[in-house]
Every structure is written in C-alpha cells, then in structure tokens.
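Engineer: For reference, this is protein24.csv, and it has CSV, C-alpha atoms and all ligand atoms.
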```
chain,number,residue,atom,x,y,z
A,1,MET,CA,-9.9,-13.0,-54.6
A,2,ALA,CA,-8.1,-13.5,-57.9
A,3,ASP,CA,-5.4,-16.1,-57.9
A,4,VAL,CA,-2.0,-14.5,-58.2
A,5,PHE,CA,-0.9,-17.5,-60.3
A,6,SER,CA,-2.0,-18.5,-63.7
A,7,LYS,CA,-4.0,-21.7,-64.0
A,8,SER,CA,-1.1,-23.7,-65.2
A,9,VAL,CA,1.2,-22.5,-62.5
A,10,ARG,CA,-1.5,-23.1,-59.9
A,11,SER,CA,-2.0,-26.6,-61.0
A,12,GLU,CA,1.8,-27.1,-60.9
A,13,ILE,CA,1.8,-25.9,-57.3
A,14,MET,CA,-1.1,-28.2,-56.3
A,15,GLY,CA,0.5,-31.1,-58.1
A,16,ARG,CA,3.7,-30.5,-56.1
A,17,ILE,CA,1.9,-30.7,-52.9
A,18,ARG,CA,1.9,-34.3,-52.0
A,19,GLY,CA,-0.2,-35.9,-49.4
A,20,VAL,CA,0.3,-39.1,-47.4
A,21,ASN,CA,0.7,-42.5,-49.0
A,22,THR,CA,2.9,-41.3,-51.8
A,23,ARG,CA,4.6,-43.8,-54.1
A,24,PRO,CA,8.1,-43.3,-52.5
A,25,GLU,CA,6.5,-43.8,-49.0
A,26,MET,CA,4.9,-47.0,-50.2
A,27,MET,CA,8.2,-48.2,-51.5
A,28,VAL,CA,9.8,-47.8,-48.1
A,29,ARG,CA,6.8,-49.3,-46.3
A,30,SER,CA,6.8,-52.4,-48.4
A,31,PHE,CA,10.6,-52.7,-48.1
A,32,LEU,CA,10.3,-52.7,-44.3
A,33,HIS,CA,7.2,-55.0,-44.4
A,34,ILE,CA,9.0,-57.7,-46.5
A,35,ARG,CA,11.8,-57.7,-44.0
A,36,GLY,CA,9.5,-58.2,-41.0
A,37,PHE,CA,9.8,-54.7,-39.5
A,38,ARG,CA,6.8,-53.6,-37.5
A,39,PHE,CA,5.9,-49.9,-37.9
A,40,ARG,CA,3.3,-47.3,-37.4
A,41,LEU,CA,2.3,-44.7,-39.8
A,42,HIS,CA,2.0,-40.9,-39.5
A,43,ALA,CA,2.6,-40.7,-35.7
A,44,LYS,CA,0.5,-37.6,-35.0
A,45,ALA,CA,1.8,-37.3,-31.4
A,46,LEU,CA,5.4,-36.8,-32.6
A,47,PRO,CA,7.0,-33.6,-33.9
A,48,GLY,CA,6.6,-33.4,-37.7
A,49,LYS,CA,4.3,-36.5,-37.8
A,50,PRO,CA,6.9,-38.8,-39.1
A,51,ASP,CA,5.7,-40.9,-42.1
A,52,ILE,CA,6.9,-44.2,-40.5
A,53,VAL,CA,7.7,-44.9,-36.9
A,54,LEU,CA,9.4,-48.1,-35.6
A,55,PRO,CA,8.9,-48.0,-31.9
A,56,ARG,CA,11.1,-51.0,-31.2
A,57,TYR,CA,13.9,-49.3,-32.8
A,58,LYS,CA,13.1,-45.8,-31.5
A,59,THR,CA,13.4,-44.7,-35.1
A,60,ALA,CA,11.3,-42.3,-37.1
A,61,ILE,CA,11.5,-42.1,-40.8
A,62,PHE,CA,10.6,-39.3,-43.1
A,63,VAL,CA,10.2,-40.1,-46.8
A,64,HIS,CA,10.8,-36.8,-48.4
A,65,GLY,CA,9.9,-35.7,-51.9
A,66,CYS,CA,13.1,-34.3,-53.5
A,67,PHE,CA,11.4,-31.2,-54.9
A,68,TRP,CA,9.2,-30.3,-52.0
A,69,HIS,CA,11.8,-30.8,-49.3
A,70,GLY,CA,14.7,-29.4,-51.3
A,71,HIS,CA,17.1,-32.3,-51.7
A,72,SER,CA,20.4,-30.6,-52.3
A,73,ASP,CA,22.4,-31.6,-55.4
A,74,CYS,CA,19.5,-33.6,-56.7
A,75,LYS,CA,18.1,-33.2,-60.2
A,76,ARG,CA,14.6,-33.6,-58.9
A,77,SER,CA,14.9,-30.5,-56.7
A,78,ALA,CA,15.4,-28.1,-59.6
A,79,LEU,CA,13.2,-25.0,-59.3
A,80,PRO,CA,10.7,-24.3,-62.1
A,81,SER,CA,11.8,-21.5,-64.4
A,82,SER,CA,8.9,-19.3,-63.5
A,83,HIS,CA,8.2,-17.8,-60.0
A,84,ARG,CA,11.6,-18.8,-58.8
A,85,GLY,CA,11.4,-16.4,-55.9
A,86,PHE,CA,8.2,-18.0,-54.7
A,87,TRP,CA,9.5,-21.5,-55.0
A,88,SER,CA,12.8,-20.7,-53.4
A,89,ARG,CA,11.1,-19.1,-50.4
A,90,LYS,CA,8.6,-21.9,-50.1
A,91,ILE,CA,11.3,-24.7,-50.3
A,92,SER,CA,13.6,-23.0,-47.8
A,93,GLY,CA,10.6,-22.6,-45.4
A,94,ASN,CA,10.0,-26.3,-45.8
A,95,LYS,CA,13.7,-27.2,-45.2
A,96,LYS,CA,13.7,-25.0,-42.1
A,97,ARG,CA,10.6,-26.7,-40.7
A,98,ASP,CA,12.0,-30.1,-41.5
A,99,SER,CA,15.2,-29.5,-39.6
A,100,ASP,CA,13.4,-28.0,-36.6
A,101,GLN,CA,11.2,-31.2,-36.5
A,102,ILE,CA,14.2,-33.5,-36.8
A,103,ARG,CA,16.0,-31.6,-34.0
A,104,ALA,CA,12.9,-31.9,-31.8
A,105,LEU,CA,12.6,-35.6,-32.4
A,106,ARG,CA,16.3,-36.2,-31.7
A,107,SER,CA,16.0,-34.3,-28.5
A,108,LEU,CA,13.2,-36.7,-27.5
A,109,GLY,CA,15.7,-39.6,-28.1
A,110,TRP,CA,14.5,-40.7,-31.5
A,111,CYS,CA,16.8,-41.8,-34.3
A,112,VAL,CA,15.6,-39.9,-37.3
A,113,LEU,CA,16.1,-41.2,-40.9
A,114,VAL,CA,15.3,-39.1,-43.9
A,115,ILE,CA,14.8,-41.2,-47.0
A,116,TRP,CA,14.7,-39.2,-50.2
A,117,GLU,CA,12.3,-40.0,-53.0
A,118,CYS,CA,15.2,-40.5,-55.4
A,119,GLU,CA,16.7,-43.1,-53.0
A,120,THR,CA,13.6,-45.2,-53.1
A,121,LYS,CA,14.3,-46.0,-56.8
A,122,LYS,CA,17.2,-48.2,-56.0
A,123,ALA,CA,16.8,-51.2,-53.8
A,124,ASP,CA,20.5,-51.5,-52.8
A,125,LEU,CA,20.6,-47.8,-51.9
A,126,LEU,CA,17.4,-48.1,-49.9
A,127,SER,CA,18.8,-51.2,-48.2
A,128,ALA,CA,22.0,-49.3,-47.3
A,129,ARG,CA,20.1,-46.4,-45.9
A,130,LEU,CA,18.0,-48.6,-43.7
A,131,LYS,CA,20.9,-50.6,-42.3
A,132,VAL,CA,21.0,-48.4,-39.3
A,133,LEU,CA,17.8,-50.0,-38.1
A,134,ARG,CA,19.6,-53.2,-37.1
A,135,ARG,CA,21.8,-51.2,-34.9
A,136,ASN,CA,18.9,-49.4,-33.3
A,137,LYS,CA,17.1,-52.5,-32.2
A,138,ARG,CA,16.2,-52.4,-28.5
B,201,ZN,ZN,16.7,-36.5,-54.5
```
Using structure tokens, write down the structure from this file.
Ligand SMILES: [Zn+2]
Structural biologist:
Amino acid sequence: MADVFSKSVRSEIMGRIRGVNTRPEMMVRSFLHIRGFRFRLHAKALPGKPDIVLPRYKTAIFVHGCFWHGHSDCKRSALPSSHRGFWSRKISGNKKRDSDQIRALRSLGWCVLVIWECETKKADLLSARLKVLRRNKR
C-alpha cells in the first residue's frame, strides 16, 4: 500500500517517535543516580510503563518529549506546518492516553511526576521538580 505521506514527512514522523533511553530520560536517570536514588526502569507491570519507578518513594516518573506528548505553552510542541490535522489528532490522542495512565497510577496509590524534555535542560529546574521525592520517602 502506498504511503499517504511523502518521504520527507514520513521520515519526520518516524524521527518524532522516540523509543526508550532518550537523552532527556538519561538526564533524569543520571540526576537521580548521582543523588543516590534507587530506581527501576520501564516498569512493565504498571499502567503506562513509567520510564522511571522509585519503589521506596512510591513514585513513578514519566519523561515526556515536549512535541510527542504535547507540552502546552512550550516552543518545542509547535506542530509542523504540514499535515497539521494529522499531528493535532495524534498529539491529542497521546495526551488523552497519558492522562488516563496517570489517573490509573494515582488510583493505585502512586505519586506520578511528569518531567518534560525542556525541563531536563536546566539542572536547577530539574532539581526543583524532583524535590517532591524527599517528601514521598517511606
Ligand atoms: Zn516543553
């Protein structure tokens, strides 16, 4: 079947689809590691397979790409100029799925943190976002 997208658009789409072990995720992991936090990765048994799970803190962390997960009011989440309808549907679908997964985790008693890609660029911002962990220690 012919691809409905041109080669360049298709490669854009594929490039936007990030797998595990992305750079922002590695930033958060090393941040936690340096501070002595113990964590597990990609907890498959939990809703949404959180990227990082800290069982002692009953905290699950998602490291979200700003574009792919639709970070509101963020430069990085701007839609491409072509196929806006496609992207807009795609991103709202992702956001809906994210919020369903977060709700499911919270109903299981987990504290859920979403760290955005753009927040991993600044150590002080990341540190502020992760402060909640101290409070969650069991
Ligand atoms: Zn962002």
Engineer: A:Tyr57, A:Trp87, A:Trp116, A:Trp68: which is nearest A:Asn136, counting all atoms listed in the file?
Structural biologist: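 Nearest to A:Asn136: A:Tyr57.
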Engineer: Taking all atoms listed in the file into account, report as a PDB file with C-alpha atoms, keeping the file's coordinate frame which residues have an atom no farther than 7 Å from an atom of ligand ZN 201 (chain B).
Structural biologist:
```pdb
ATOM      1  CA  CYS A  66      13.100 -34.300 -53.500  1.00  0.00           C
ATOM      2  CA  HIS A  71      17.100 -32.300 -51.700  1.00  0.00           C
ATOM      3  CA  CYS A  74      19.500 -33.600 -56.700  1.00  0.00           C
ATOM      4  CA  LYS A  75      18.100 -33.200 -60.200  1.00  0.00           C
ATOM      5  CA  ARG A  76      14.600 -33.600 -58.900  1.00  0.00           C
ATOM      6  CA  SER A  77      14.900 -30.500 -56.700  1.00  0.00           C
ATOM      7  CA  TRP A 116      14.700 -39.200 -50.200  1.00  0.00           C
ATOM      8  CA  GLU A 117      12.300 -40.000 -53.000  1.00  0.00           C
ATOM      9  CA  CYS A 118      15.200 -40.500 -55.400  1.00  0.00           C
ATOM     10  CA  GLU A 119      16.700 -43.100 -53.000  1.00  0.00           C
TER      11      GLU A 119
END
```
Engineer: To one decimal place in Å, what is the distance between atom CA of A:Arg103 and atom CA of A:Gly48?
Structural biologist: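 Here the two named atoms are 10.3 Å from each other.
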Engineer: Give the answer as one residue: which of A:Asp3, A:Asp73, A:Asp100, A:Asp51 has the shortest atom-to-atom distance to A:Leu113, using all atoms listed in the file?
Structural biologist: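 Smallest distance to A:Leu113 is found for A:Asp51.
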Engineer: Point out the residue among A:Arg35, A:Pro24, A:Leu46, A:Ala60 with the least atom-to-atom distance to A:Trp110, counting all atoms listed in the file.
Structural biologist: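 Among A:Arg35, A:Pro24, A:Leu46, A:Ala60, it is A:Ala60 that comes nearest to A:Trp110.
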Engineer: Would you please work out which residue, of A:Arg56, A:Lys49, A:Arg106, A:Lys90, is nearest to A:Arg135 when using all atoms listed in the file?
Structural biologist: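 Result for the nearest residue to A:Arg135: A:Arg56.
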Engineer: I want to know what sits within 10 Å of A:Asp98, based on all atoms listed in the file, with residues of the same chain fewer than 6 positions away left out; could you give that as a ChimeraX atom specification?
Structural biologist: /A:47-48,62,64,69,92,104,114
Engineer: Which one is closest to A:Ala128: A:Ile115, A:Leu105, A:Ile61, A:Met26? Count only C-alpha atoms.
Structural biologist: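 The answer is A:Ile115, which sits nearest to A:Ala128.
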Engineer: Env of A:Phe39: 7 Å cut, atoms = all atoms listed in the file, seq-sep filter 4 positions within chain, self excluded. Answer as a list in words.
Structural biologist: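 Selected residues are Ile52, Val53, Leu54 and Pro55 of chain A.
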Engineer: With C-alpha atoms retained, write the just-selected residues as a PDB file, keeping the file's coordinate frame.
Structural biologist:
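The new file part_12.pdb reads:
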```pdb
ATOM      1  CA  ILE A  52       6.900 -44.200 -40.500  1.00  0.00           C
ATOM      2  CA  VAL A  53       7.700 -44.900 -36.900  1.00  0.00           C
ATOM      3  CA  LEU A  54       9.400 -48.100 -35.600  1.00  0.00           C
ATOM      4  CA  PRO A  55       8.900 -48.000 -31.900  1.00  0.00           C
TER       5      PRO A  55
END
```
Engineer: What separation in Å, quoted to one decimal, exists between atom CA of A:Leu133 and atom CA of A:Lys121?
Structural biologist: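 Distance reported for this atom pair: 19.4 Å.
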Engineer: Work out how far apart atom CA of A:Gln101 and atom CA of A:His42 are and give it in Å to one decimal.
Structural biologist: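 Interatomic distance here is 13.7 Å.
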Engineer: May I ask which of the residues A:Thr59, A:Arg84, A:Lys96, A:Val28 is the closest one to A:Ala123, counting all atoms listed in the file?
Structural biologist: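 Looking at the shortest contact to A:Ala123, the residue is A:Val28.
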